[in-house]
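Worksheet: the structure to be examined is printed underneath.
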Amino acid sequence: MTCLICIASVKRNQAVWSCCGCFCIFHLVCIQKWAKDSLFLVSSPLTDDDFGKKDYPWPCPKCRFEYKRSETPSRYYCYCGKVENPPLDPWLVPHSCGQICEREFKPPCGHKCLLLCHPGPCPPCPKMVTTTCHCKKAKPVPRRCSAKEWSCHLPCGRLLLCGQHTCENPCHAGNCQPCPRVSKQRCICGRQTAERLCASPQWQCDQVCGKALPCGNHTCEQVCHAGPCGDCPRSGKRSCPCGKSKFTLPCTEDVPTCGDSCDKVLECGIHKCSQRCHRGPCEICRQEVEKQCRCGKHTKRMPCHKPYLCETKCTKIRDCQKHQCRRKCCSGNCPPCDQVCGRTLGCRNHKCPSGCHRGSCNPCPETVDVKCNCGKTVIKVPCGRERTIKPPKCKQLCSRPPTCHHPTQEKHYCHFGRCPPCRQSCQKTLVCGHLCPVPCHDEALVKQTGLHQSAGPWEQPSEPAFIQTALPCPPCQVPVPVECLGQHEVSPLPCHSAGPYSCKRPCGRLLNCQNHTCMKECHHVTKINGSADGKKAGPECLQCEEECTKPRPPGCSHRCVLPCHPGDCPSCLQMLKIKCHCKLSVLYIECLKLTSADLKEKDLLTSCKNQCPKELPCGHRCKEICHSGCCPLNCNQKVKLRCPCKRLKKEVQCSKIQEGQVSLECDALCKEMKRKASEIKEAEAKAAIEEEKRRQQAELSCSATLTACKRSLANGSFVQPNKCGSELNAGPPTFCRMILRAHNF
């Protein structure tokens, strides 16, 4: 926030004053000086006697709201006026006390502001009240107190002042407007009639009444009035000029003087008039009195009506603290210094016109016009600010002629300095016939280099210089359809580079082999014999060097002996080395014969004509000639068939045995021999079981003897063991050691 008097920022810790009209904030010192200077300028034309007798107002610097001399601020208060010198609190609004505002709303409604102490005006009253409309016809509704007056928009209907018509306006606030109808009405005296508004039925004409008064000697001198004229103003008791005597005389005679002294107080306010009763004003006071001068230093006898001023000059210093009063016979209430300040103001253009004062001068009151370039837009700024303020933004179009080849320049507003670069398209005709589409380049900034060479490394490089020059039109960028060299595609190319080009794809033309295409990058192809076929290879295309990759006949695994060629491949004449069906012989057969033969012929070609060496499931050799597939199962070989006990035998065909058609059973002799053999096996099995039991019994007795020997060796005593087949002739210790050694202990 800026103080409009000193044009300085208002800080948190500075004493301020807020106007109650516009709520603008000023420094307290600045507004005190402003009020003092304003009062001096207003009272400077006054005489010394009138100074200080009248309370002249001083205005707000911004809204000119007038304040009395007694309302000049002398102390620093918060916004709501409760706290003097409010403390600085960073959590509150600057210059606020932080308490509830409690200022009455304007216009007053009976409520108070509930916001915290704040700058500016209080917001509208937020209280809810129940009110009816202006005409009192609608039902009461709840509304904000600040907007409690509302209209129902129905006709008002109240009786107007004329007493004859009603108000036809919509529901409104305040008194109804005067009746707008016109009627013929008489004046008060009734002599004249005129058409007048129904709202003003009483009016006066310009004629004097002229009626005879009751005295019969005079007439009424009042202008058009109502009622009786009254008594003659010269009738009854009348006083003489001095007012001491009263006379009852006819209205035709004047009141005489009484002959007594006048005794009216003269203008001096001390003495009385010494003349006899007289008509007209009294004379001036001519008595000689001892008068004291205004400063109280001298006395002198002189007429009472003359003021006495001595020649002594006042030596007091005036409020400017620079000059003496120097007024003759000063009463001590020295007026403000009447000399002009004359110091140069901050604008550096004018001198201070105020009276001599203390402190810094007020800002220059003069204003200066700041104009735009064309002079059609003008703003007024305080004197001295014209050097720093920006020129006004003019809404008029720039009228300067274009500096490029265009007949007219782009529309832009009035400005200072050079016009902005032309942004219209160049539209010059290029060599190719197209128009240049880039922005105008007649005044392009070009950096100049190499104009100045430094004398050494110690010399600082200068900033590059830019010159304004016309640049040539750039190459034409209009897209033109162009076909590639190999006629694969049509692409739009810039006009300046339009020409045959390679699309980087493979050529793709069919080579003479009729099997492959040219893999060379897109290139020019010369047409042969005026051929318009774009798919055939030309002399610039590659020659096919691949092997023939055409499919071979089924079963042939050999490659074509020719290079890549058109048409069918020749017949394969290579010899195949294959084994016969029985895998014993190696055969050599032409590939063509083998691949062209059917299944029966292939079987004959791959047979070695020898007997098949394969064995049948029965174990005999196959009797067929070398063949494919499985051997037949009807074996005709003669084999011997035996009974289950192998005693009887018989010769039959092998195939019948495999098929289970022939079997040989044992006879009675075979069964008897089988029974005897089973009895012998049972006897041998029983003998083996008995032998096993005896062996296990011997092992148990031997383990008991070993345990007794271990104990005797441990205790040093000997117990005669049972016989277990070991030597008993040796002594007890020796015998035990032999037993233990025999059992690996």
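Naming scheme: A, B, ... for chains in displayed order of the structure tokens; residues 1 onward per chain; ligands 1 onward as shown.
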
Could you give me, as a short mmCIF file (atom, residue, chain, number, x, y, z; two decimals) with N, CA and C atoms, in the first residue's frame, the residues within 8 Å of Pro439 of chain A, counting only C-alpha atoms and dropping anything in the same chain fewer than 4 positions from it?
```
data_model
loop_
_atom_site.label_atom_id
_atom_site.label_comp_id
_atom_site.auth_asym_id
_atom_site.auth_seq_id
_atom_site.Cartn_x
_atom_site.Cartn_y
_atom_site.Cartn_z
N CYS A 422 7.11 -7.16 -40.58
CA CYS A 422 5.95 -7.56 -41.37
C CYS A 422 5.80 -9.08 -41.32
N ARG A 423 4.61 -9.54 -40.96
CA ARG A 423 4.36 -10.96 -40.87
C ARG A 423 3.50 -11.48 -42.02
N GLN A 424 3.26 -10.65 -43.02
CA GLN A 424 2.53 -11.12 -44.18
C GLN A 424 3.41 -12.05 -45.01
N SER A 425 2.77 -12.94 -45.77
CA SER A 425 3.55 -13.83 -46.62
C SER A 425 4.16 -13.02 -47.76
N CYS A 426 5.35 -13.47 -48.18
CA CYS A 426 6.13 -12.71 -49.16
C CYS A 426 5.37 -12.56 -50.48
#
```

Just the residues within 12 Å of segment 32-41 of chain A, please, counting only C-alpha atoms, with nothing from its chain fewer than 3 positions along; format it as a compact mmCIF listing (two decimals) with all heavy atoms, in the first residue's frame.
```txt
# COMPACT_ATOMS: atom_id res chain seq x y z
N LEU A 4 -0.63 8.29 -0.56
CA LEU A 4 -0.79 9.19 -1.70
C LEU A 4 -0.22 10.58 -1.46
O LEU A 4 -0.19 11.39 -2.39
CB LEU A 4 -2.28 9.31 -2.05
CG LEU A 4 -2.97 8.00 -2.47
CD1 LEU A 4 -4.42 8.28 -2.82
CD2 LEU A 4 -2.25 7.37 -3.64
N ILE A 5 0.23 10.86 -0.25
CA ILE A 5 0.80 12.19 0.03
C ILE A 5 2.30 12.19 -0.21
O ILE A 5 2.83 13.03 -0.94
CB ILE A 5 0.47 12.61 1.47
CG1 ILE A 5 -1.06 12.71 1.64
CG2 ILE A 5 1.13 13.94 1.80
CD1 ILE A 5 -1.49 13.04 3.05
N CYS A 6 3.00 11.22 0.38
CA CYS A 6 4.45 11.16 0.23
C CYS A 6 4.89 10.17 -0.84
O CYS A 6 6.09 10.05 -1.12
CB CYS A 6 5.11 10.81 1.56
SG CYS A 6 4.67 9.17 2.17
N ALA A 15 2.73 4.55 12.06
CA ALA A 15 1.42 5.05 12.47
C ALA A 15 0.67 5.53 11.24
O ALA A 15 1.21 6.23 10.38
CB ALA A 15 1.59 6.18 13.48
N VAL A 16 -0.61 5.14 11.13
CA VAL A 16 -1.41 5.47 9.96
C VAL A 16 -2.73 6.07 10.39
O VAL A 16 -3.12 6.04 11.55
CB VAL A 16 -1.65 4.21 9.09
CG1 VAL A 16 -0.35 3.66 8.55
CG2 VAL A 16 -2.40 3.14 9.88
N TRP A 17 -3.43 6.64 9.39
CA TRP A 17 -4.77 7.19 9.57
C TRP A 17 -5.59 6.79 8.37
O TRP A 17 -5.11 6.83 7.22
CB TRP A 17 -4.72 8.70 9.72
CG TRP A 17 -6.07 9.36 9.78
CD1 TRP A 17 -6.87 9.49 10.86
CD2 TRP A 17 -6.77 9.97 8.68
NE1 TRP A 17 -8.03 10.15 10.54
CE2 TRP A 17 -7.99 10.47 9.19
CE3 TRP A 17 -6.48 10.16 7.34
CZ2 TRP A 17 -8.92 11.12 8.40
CZ3 TRP A 17 -7.41 10.80 6.54
CH2 TRP A 17 -8.61 11.28 7.07
N PHE A 26 -3.22 6.67 5.01
CA PHE A 26 -2.11 7.61 4.89
C PHE A 26 -1.24 7.49 6.14
O PHE A 26 -1.69 7.02 7.19
CB PHE A 26 -2.62 9.05 4.77
CG PHE A 26 -3.60 9.26 3.65
CD1 PHE A 26 -4.96 9.14 3.88
CD2 PHE A 26 -3.18 9.58 2.38
CE1 PHE A 26 -5.88 9.33 2.87
CE2 PHE A 26 -4.08 9.78 1.35
CZ PHE A 26 -5.43 9.65 1.60
N HIS A 27 0.01 7.95 6.01
CA HIS A 27 0.85 8.08 7.20
C HIS A 27 0.25 9.14 8.12
O HIS A 27 -0.27 10.18 7.65
CB HIS A 27 2.28 8.49 6.81
CG HIS A 27 3.02 7.40 6.09
ND1 HIS A 27 3.52 7.56 4.82
CD2 HIS A 27 3.35 6.14 6.47
CE1 HIS A 27 4.11 6.45 4.44
NE2 HIS A 27 4.03 5.57 5.42
N LEU A 28 0.30 8.92 9.41
CA LEU A 28 -0.27 9.88 10.37
C LEU A 28 0.44 11.23 10.25
O LEU A 28 -0.21 12.29 10.27
CB LEU A 28 -0.16 9.32 11.79
CG LEU A 28 -0.76 10.18 12.89
CD1 LEU A 28 -2.25 10.37 12.68
CD2 LEU A 28 -0.49 9.56 14.27
N VAL A 29 1.75 11.23 10.11
CA VAL A 29 2.50 12.49 10.00
C VAL A 29 2.12 13.21 8.71
O VAL A 29 1.97 14.44 8.68
CB VAL A 29 4.02 12.19 10.05
CG1 VAL A 29 4.81 13.48 9.87
CG2 VAL A 29 4.39 11.53 11.37
N SER A 44 -5.37 31.87 4.31
CA SER A 44 -4.36 32.89 3.97
C SER A 44 -4.97 34.18 3.46
O SER A 44 -4.42 35.26 3.71
CB SER A 44 -3.39 32.31 2.94
OG SER A 44 -4.09 31.88 1.78
N PRO A 45 -6.11 34.17 2.72
CA PRO A 45 -6.66 35.48 2.28
C PRO A 45 -7.30 36.27 3.40
O PRO A 45 -7.69 37.42 3.19
CB PRO A 45 -7.72 35.07 1.23
CG PRO A 45 -7.43 33.65 0.89
CD PRO A 45 -6.82 33.06 2.11
N LEU A 46 -7.47 35.71 4.60
CA LEU A 46 -8.16 36.40 5.68
C LEU A 46 -7.27 37.47 6.29
O LEU A 46 -6.04 37.41 6.21
CB LEU A 46 -8.60 35.40 6.75
CG LEU A 46 -9.52 34.26 6.27
CD1 LEU A 46 -9.80 33.32 7.42
CD2 LEU A 46 -10.80 34.81 5.68
N PHE A 51 -8.47 35.83 11.48
CA PHE A 51 -7.77 34.53 11.55
C PHE A 51 -8.06 33.83 12.88
O PHE A 51 -7.96 34.45 13.95
CB PHE A 51 -6.27 34.74 11.39
CG PHE A 51 -5.49 33.44 11.43
CD1 PHE A 51 -5.46 32.62 10.33
CD2 PHE A 51 -4.84 33.05 12.59
CE1 PHE A 51 -4.76 31.44 10.37
CE2 PHE A 51 -4.15 31.87 12.64
CZ PHE A 51 -4.11 31.05 11.51
N GLY A 52 -8.42 32.56 12.81
CA GLY A 52 -8.67 31.77 14.01
C GLY A 52 -10.06 31.89 14.56
O GLY A 52 -10.39 31.21 15.54
N LYS A 54 -12.95 31.42 12.68
CA LYS A 54 -13.87 30.52 12.00
C LYS A 54 -13.21 29.16 11.81
O LYS A 54 -12.03 29.09 11.50
CB LYS A 54 -14.28 31.11 10.65
CG LYS A 54 -15.39 30.33 9.96
CD LYS A 54 -15.83 31.03 8.69
CE LYS A 54 -16.96 30.26 8.01
NZ LYS A 54 -17.38 30.92 6.75
N ASP A 55 -14.00 28.09 11.99
CA ASP A 55 -13.47 26.72 11.88
C ASP A 55 -13.61 26.27 10.42
O ASP A 55 -14.66 25.81 9.99
CB ASP A 55 -14.25 25.78 12.82
CG ASP A 55 -13.60 24.41 12.89
OD1 ASP A 55 -12.49 24.24 12.34
OD2 ASP A 55 -14.20 23.50 13.49
N TYR A 56 -12.52 26.45 9.65
CA TYR A 56 -12.54 26.06 8.24
C TYR A 56 -12.22 24.56 8.13
O TYR A 56 -11.38 24.04 8.85
CB TYR A 56 -11.52 26.87 7.43
CG TYR A 56 -11.91 28.31 7.30
CD1 TYR A 56 -11.40 29.29 8.16
CD2 TYR A 56 -12.79 28.71 6.29
CE1 TYR A 56 -11.77 30.61 8.04
CE2 TYR A 56 -13.16 30.05 6.17
CZ TYR A 56 -12.65 30.99 7.04
OH TYR A 56 -13.02 32.29 6.91
N PRO A 57 -12.86 23.84 7.19
CA PRO A 57 -12.59 22.39 7.04
C PRO A 57 -11.36 22.14 6.18
O PRO A 57 -10.89 23.03 5.46
CB PRO A 57 -13.86 21.87 6.37
CG PRO A 57 -14.33 23.02 5.53
CD PRO A 57 -13.97 24.28 6.30
N TRP A 58 -10.85 20.91 6.28
CA TRP A 58 -9.76 20.45 5.39
C TRP A 58 -10.21 19.14 4.72
O TRP A 58 -10.91 18.34 5.31
CB TRP A 58 -8.46 20.23 6.17
CG TRP A 58 -8.56 19.28 7.34
CD1 TRP A 58 -8.91 19.58 8.60
CD2 TRP A 58 -8.31 17.86 7.29
NE1 TRP A 58 -8.90 18.46 9.40
CE2 TRP A 58 -8.53 17.39 8.61
CE3 TRP A 58 -7.93 16.96 6.31
CZ2 TRP A 58 -8.38 16.04 8.94
CZ3 TRP A 58 -7.78 15.64 6.64
CH2 TRP A 58 -7.99 15.18 7.93
N PRO A 59 -9.83 18.91 3.46
CA PRO A 59 -10.35 17.77 2.71
C PRO A 59 -9.40 16.57 2.73
O PRO A 59 -8.20 16.70 2.95
CB PRO A 59 -10.48 18.32 1.28
CG PRO A 59 -9.33 19.27 1.18
CD PRO A 59 -9.11 19.85 2.55
N CYS A 60 -9.98 15.38 2.46
CA CYS A 60 -9.17 14.16 2.27
C CYS A 60 -8.40 14.28 0.96
O CYS A 60 -8.96 14.74 -0.04
CB CYS A 60 -10.08 12.93 2.27
SG CYS A 60 -9.26 11.40 1.73
N PRO A 61 -7.14 13.88 0.89
CA PRO A 61 -6.38 14.02 -0.36
C PRO A 61 -6.97 13.22 -1.52
O PRO A 61 -6.74 13.56 -2.67
CB PRO A 61 -4.99 13.50 0.01
CG PRO A 61 -4.91 13.59 1.49
CD PRO A 61 -6.30 13.37 1.99
N LYS A 62 -7.75 12.17 -1.24
CA LYS A 62 -8.25 11.33 -2.33
C LYS A 62 -9.71 11.63 -2.67
O LYS A 62 -10.02 11.95 -3.81
CB LYS A 62 -8.10 9.86 -1.96
CG LYS A 62 -8.54 8.92 -3.06
CD LYS A 62 -8.34 7.46 -2.67
CE LYS A 62 -8.78 6.54 -3.80
NZ LYS A 62 -8.64 5.11 -3.45
N ARG A 64 -11.75 13.97 -1.13
CA ARG A 64 -12.11 15.36 -0.81
C ARG A 64 -13.22 15.44 0.24
O ARG A 64 -13.94 16.44 0.33
CB ARG A 64 -12.55 16.13 -2.07
CG ARG A 64 -11.70 15.93 -3.29
CD ARG A 64 -10.23 16.20 -3.03
NE ARG A 64 -9.95 17.58 -2.70
CZ ARG A 64 -8.74 18.04 -2.39
NH1 ARG A 64 -7.70 17.20 -2.35
NH2 ARG A 64 -8.55 19.30 -2.11
N GLU A 66 -14.65 16.35 3.64
CA GLU A 66 -14.22 17.45 4.48
C GLU A 66 -14.27 17.07 5.96
O GLU A 66 -15.23 16.42 6.41
CB GLU A 66 -15.07 18.69 4.22
CG GLU A 66 -14.83 19.29 2.82
CD GLU A 66 -15.57 20.59 2.64
OE1 GLU A 66 -16.44 20.90 3.49
OE2 GLU A 66 -15.28 21.32 1.66
N TYR A 67 -13.25 17.50 6.69
CA TYR A 67 -13.15 17.29 8.14
C TYR A 67 -12.98 18.67 8.80
O TYR A 67 -12.40 19.60 8.22
CB TYR A 67 -11.95 16.41 8.49
CG TYR A 67 -12.06 14.99 8.00
CD1 TYR A 67 -11.60 14.63 6.74
CD2 TYR A 67 -12.61 14.00 8.80
CE1 TYR A 67 -11.70 13.33 6.28
CE2 TYR A 67 -12.71 12.70 8.36
CZ TYR A 67 -12.25 12.36 7.10
OH TYR A 67 -12.35 11.08 6.65
N LYS A 68 -13.48 18.77 10.03
CA LYS A 68 -13.32 20.00 10.80
C LYS A 68 -11.89 20.10 11.32
O LYS A 68 -11.16 19.12 11.36
CB LYS A 68 -14.30 20.04 11.97
CG LYS A 68 -15.76 20.05 11.53
CD LYS A 68 -16.68 20.08 12.75
CE LYS A 68 -18.15 20.07 12.32
NZ LYS A 68 -19.06 20.07 13.49
N ARG A 69 -11.53 21.33 11.75
CA ARG A 69 -10.19 21.52 12.31
C ARG A 69 -10.00 20.65 13.55
O ARG A 69 -8.92 20.10 13.78
CB ARG A 69 -9.98 22.99 12.66
CG ARG A 69 -8.59 23.30 13.24
CD ARG A 69 -8.58 24.68 13.89
NE ARG A 69 -8.78 25.72 12.92
CZ ARG A 69 -7.79 26.36 12.29
NH1 ARG A 69 -6.54 26.04 12.56
NH2 ARG A 69 -8.05 27.31 11.42
N SER A 70 -11.08 20.49 14.32
CA SER A 70 -10.99 19.70 15.55
C SER A 70 -10.84 18.21 15.26
O SER A 70 -10.49 17.43 16.15
CB SER A 70 -12.22 19.94 16.42
OG SER A 70 -13.40 19.58 15.73
N GLU A 71 -11.15 17.78 14.04
CA GLU A 71 -11.05 16.37 13.66
C GLU A 71 -9.70 16.01 13.07
O GLU A 71 -9.52 14.91 12.56
CB GLU A 71 -12.15 16.02 12.65
CG GLU A 71 -13.55 16.11 13.24
CD GLU A 71 -14.63 15.84 12.20
OE1 GLU A 71 -14.30 15.87 10.99
OE2 GLU A 71 -15.78 15.59 12.59
N THR A 72 -8.75 16.91 13.15
CA THR A 72 -7.40 16.61 12.67
C THR A 72 -6.81 15.50 13.54
O THR A 72 -6.76 15.63 14.77
CB THR A 72 -6.52 17.85 12.71
OG1 THR A 72 -7.12 18.88 11.92
CG2 THR A 72 -5.12 17.54 12.18
N PRO A 73 -6.37 14.37 12.95
CA PRO A 73 -5.88 13.25 13.79
C PRO A 73 -4.59 13.62 14.51
O PRO A 73 -3.70 14.26 13.96
CB PRO A 73 -5.64 12.13 12.76
CG PRO A 73 -5.43 12.83 11.47
CD PRO A 73 -6.28 14.06 11.49
N SER A 74 -4.53 13.20 15.75
CA SER A 74 -3.33 13.45 16.56
C SER A 74 -2.77 12.17 17.17
O SER A 74 -1.65 12.18 17.68
CB SER A 74 -3.65 14.45 17.67
OG SER A 74 -4.69 13.94 18.51
N ARG A 75 -3.53 11.09 17.13
CA ARG A 75 -3.09 9.83 17.73
C ARG A 75 -3.33 8.69 16.73
O ARG A 75 -4.17 8.79 15.83
CB ARG A 75 -3.83 9.54 19.04
CG ARG A 75 -3.53 10.57 20.12
CD ARG A 75 -4.25 10.22 21.41
NE ARG A 75 -3.99 11.20 22.46
CZ ARG A 75 -4.46 11.13 23.69
NH1 ARG A 75 -5.25 10.11 24.04
NH2 ARG A 75 -4.17 12.07 24.57
N TYR A 76 -2.61 7.63 16.95
CA TYR A 76 -2.64 6.45 16.07
C TYR A 76 -3.57 5.41 16.68
O TYR A 76 -3.34 4.93 17.79
CB TYR A 76 -1.22 5.91 15.91
CG TYR A 76 -1.11 4.54 15.28
CD1 TYR A 76 -1.89 4.16 14.19
CD2 TYR A 76 -0.19 3.61 15.78
CE1 TYR A 76 -1.76 2.91 13.62
CE2 TYR A 76 -0.05 2.35 15.22
CZ TYR A 76 -0.85 2.01 14.15
OH TYR A 76 -0.73 0.77 13.58
N ASP A 319 5.37 29.41 12.98
CA ASP A 319 5.37 27.95 13.05
C ASP A 319 6.28 27.30 12.01
O ASP A 319 6.58 26.10 12.10
CB ASP A 319 3.95 27.41 12.88
CG ASP A 319 3.32 27.88 11.57
OD1 ASP A 319 3.93 28.72 10.88
OD2 ASP A 319 2.22 27.39 11.25
N CYS A 320 6.74 28.05 11.03
CA CYS A 320 7.66 27.46 10.05
C CYS A 320 9.05 27.29 10.63
O CYS A 320 9.90 26.63 10.01
CB CYS A 320 7.73 28.33 8.79
SG CYS A 320 8.46 29.97 9.08
N PRO A 335 -0.12 34.52 13.20
CA PRO A 335 -0.68 33.70 12.11
C PRO A 335 0.41 32.87 11.45
O PRO A 335 1.60 33.11 11.66
CB PRO A 335 -1.27 34.75 11.16
CG PRO A 335 -0.42 35.95 11.36
CD PRO A 335 -0.04 35.96 12.83
N PRO A 336 0.02 31.87 10.67
CA PRO A 336 1.04 31.09 9.95
C PRO A 336 1.87 31.97 9.04
O PRO A 336 1.46 33.06 8.63
CB PRO A 336 0.21 30.07 9.14
CG PRO A 336 -1.10 29.99 9.86
CD PRO A 336 -1.34 31.35 10.44
N CYS A 337 3.06 31.50 8.74
CA CYS A 337 3.99 32.26 7.91
C CYS A 337 3.36 32.52 6.56
O CYS A 337 2.84 31.61 5.90
CB CYS A 337 5.30 31.48 7.75
SG CYS A 337 6.58 32.40 6.87
N ASP A 338 3.34 33.80 6.15
CA ASP A 338 2.70 34.18 4.90
C ASP A 338 3.65 34.18 3.72
O ASP A 338 3.26 34.52 2.59
CB ASP A 338 2.07 35.57 5.04
CG ASP A 338 3.08 36.60 5.51
OD1 ASP A 338 4.23 36.22 5.79
OD2 ASP A 338 2.72 37.78 5.61
N GLN A 339 4.91 33.79 3.92
CA GLN A 339 5.84 33.74 2.80
C GLN A 339 5.68 32.41 2.05
O GLN A 339 5.29 31.39 2.62
CB GLN A 339 7.28 33.88 3.31
CG GLN A 339 7.56 35.21 4.00
CD GLN A 339 9.04 35.37 4.31
OE1 GLN A 339 9.87 34.84 3.58
NE2 GLN A 339 9.35 36.10 5.38
N VAL A 340 6.01 32.47 0.79
CA VAL A 340 5.93 31.27 -0.05
C VAL A 340 7.18 30.42 0.17
O VAL A 340 8.29 30.94 0.27
CB VAL A 340 5.76 31.65 -1.53
CG1 VAL A 340 5.70 30.40 -2.41
CG2 VAL A 340 4.52 32.51 -1.72
N CYS A 341 6.99 29.08 0.21
CA CYS A 341 8.12 28.17 0.46
C CYS A 341 9.19 28.32 -0.62
O CYS A 341 10.34 28.61 -0.34
CB CYS A 341 7.61 26.73 0.52
SG CYS A 341 8.93 25.50 0.70
N CYS A 352 7.65 24.94 -4.72
CA CYS A 352 6.55 24.72 -3.78
C CYS A 352 5.73 26.00 -3.65
O CYS A 352 6.25 27.06 -3.28
CB CYS A 352 7.11 24.30 -2.42
SG CYS A 352 5.83 23.99 -1.19
N PRO A 353 4.40 25.95 -3.98
CA PRO A 353 3.56 27.15 -3.86
C PRO A 353 2.98 27.33 -2.47
O PRO A 353 2.32 28.35 -2.21
CB PRO A 353 2.46 26.89 -4.89
CG PRO A 353 2.30 25.40 -4.86
CD PRO A 353 3.66 24.83 -4.57
N SER A 354 3.18 26.38 -1.57
CA SER A 354 2.60 26.47 -0.23
C SER A 354 3.32 27.52 0.59
O SER A 354 4.42 27.99 0.24
CB SER A 354 2.69 25.11 0.47
OG SER A 354 2.06 24.11 -0.29
N GLY A 355 2.66 27.88 1.69
CA GLY A 355 3.32 28.77 2.62
C GLY A 355 4.53 28.12 3.25
O GLY A 355 4.68 26.89 3.25
N CYS A 356 5.40 28.93 3.77
CA CYS A 356 6.63 28.41 4.36
C CYS A 356 6.27 27.41 5.46
O CYS A 356 5.42 27.67 6.31
CB CYS A 356 7.44 29.57 4.92
SG CYS A 356 9.06 29.08 5.54
N HIS A 357 6.91 26.24 5.44
CA HIS A 357 6.52 25.16 6.34
C HIS A 357 7.75 24.38 6.73
O HIS A 357 8.83 24.52 6.16
CB HIS A 357 5.50 24.25 5.66
CG HIS A 357 6.00 23.66 4.38
ND1 HIS A 357 6.77 22.53 4.31
CD2 HIS A 357 5.85 24.10 3.09
CE1 HIS A 357 7.06 22.26 3.06
NE2 HIS A 357 6.54 23.20 2.29
N ARG A 358 7.53 23.54 7.71
CA ARG A 358 8.58 22.63 8.14
C ARG A 358 8.48 21.31 7.38
O ARG A 358 7.44 20.95 6.86
CB ARG A 358 8.47 22.38 9.64
CG ARG A 358 8.83 23.56 10.50
CD ARG A 358 8.74 23.22 11.98
NE ARG A 358 7.34 22.99 12.38
CZ ARG A 358 6.98 22.62 13.60
NH1 ARG A 358 7.90 22.42 14.52
NH2 ARG A 358 5.71 22.45 13.88
N GLY A 359 9.58 20.56 7.38
CA GLY A 359 9.59 19.24 6.75
C GLY A 359 9.62 19.31 5.23
O GLY A 359 9.85 20.37 4.63
N SER A 360 9.37 18.17 4.63
CA SER A 360 9.42 18.08 3.18
C SER A 360 8.16 18.65 2.57
O SER A 360 7.11 18.69 3.20
CB SER A 360 9.59 16.61 2.73
OG SER A 360 8.52 15.84 3.24
N CYS A 361 8.28 19.09 1.33
CA CYS A 361 7.15 19.68 0.63
C CYS A 361 6.21 18.59 0.12
O CYS A 361 6.60 17.44 -0.08
CB CYS A 361 7.64 20.53 -0.55
SG CYS A 361 8.74 21.89 -0.05
N ASN A 362 4.98 19.00 -0.10
CA ASN A 362 4.01 18.09 -0.69
C ASN A 362 4.37 17.82 -2.15
O ASN A 362 5.11 18.58 -2.77
CB ASN A 362 2.60 18.68 -0.62
CG ASN A 362 2.09 18.72 0.81
OD1 ASN A 362 2.47 17.90 1.63
ND2 ASN A 362 1.21 19.68 1.09
N PRO A 363 3.84 16.70 -2.70
CA PRO A 363 4.09 16.45 -4.13
C PRO A 363 3.56 17.58 -4.99
O PRO A 363 2.65 18.32 -4.61
CB PRO A 363 3.33 15.14 -4.41
CG PRO A 363 3.21 14.49 -3.08
CD PRO A 363 3.10 15.61 -2.08
```

Which residues, written as number ranges by chain, have at least one atom at most 7 Å from segment 158-168 of chain A, with only C-alpha atoms counted and residues fewer than 2 positions away on the same chain left out?
A: 155-156, 170, 176, 179, 198-199

Tell me, as a list in words, which residues lie within 12 Å of Asp598 of chain A, counting only C-alpha atoms; anything in the same chain fewer than 6 positions away does not count.
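The contact residues come out as Pro554, Gly555, Leu604 and Leu605 of chain A.
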
Output file for the selection above: all heavy atoms, as a JSON list (two decimals), in the first residue's frame:
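Saved to part.json:
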```json
[["chain", "number", "residue", "atom", "x", "y", "z"],
["A", 554, "PRO", "N", 8.69, -86.15, -57.10],
["A", 554, "PRO", "CA", 8.62, -86.81, -55.79],
["A", 554, "PRO", "C", 9.59, -87.97, -55.71],
["A", 554, "PRO", "O", 9.63, -88.83, -56.60],
["A", 554, "PRO", "CB", 7.18, -87.29, -55.70],
["A", 554, "PRO", "CG", 6.42, -86.41, -56.64],
["A", 554, "PRO", "CD", 7.35, -86.09, -57.75],
["A", 555, "GLY", "N", 10.39, -87.97, -54.67],
["A", 555, "GLY", "CA", 11.37, -89.02, -54.46],
["A", 555, "GLY", "C", 12.76, -88.68, -54.93],
["A", 555, "GLY", "O", 13.73, -89.32, -54.52],
["A", 604, "LEU", "N", 9.70, -104.77, -57.43],
["A", 604, "LEU", "CA", 10.52, -105.63, -58.30],
["A", 604, "LEU", "C", 11.92, -105.06, -58.49],
["A", 604, "LEU", "O", 12.91, -105.80, -58.52],
["A", 604, "LEU", "CB", 9.83, -105.80, -59.66],
["A", 604, "LEU", "CG", 8.52, -106.62, -59.65],
["A", 604, "LEU", "CD1", 7.87, -106.61, -61.03],
["A", 604, "LEU", "CD2", 8.77, -108.05, -59.19],
["A", 605, "LEU", "N", 12.01, -103.69, -58.65],
["A", 605, "LEU", "CA", 13.33, -103.08, -58.87],
["A", 605, "LEU", "C", 14.21, -103.21, -57.64],
["A", 605, "LEU", "O", 15.44, -103.33, -57.75],
["A", 605, "LEU", "CB", 13.16, -101.61, -59.25],
["A", 605, "LEU", "CG", 12.59, -101.32, -60.65],
["A", 605, "LEU", "CD1", 12.34, -99.82, -60.82],
["A", 605, "LEU", "CD2", 13.56, -101.80, -61.74]]
```
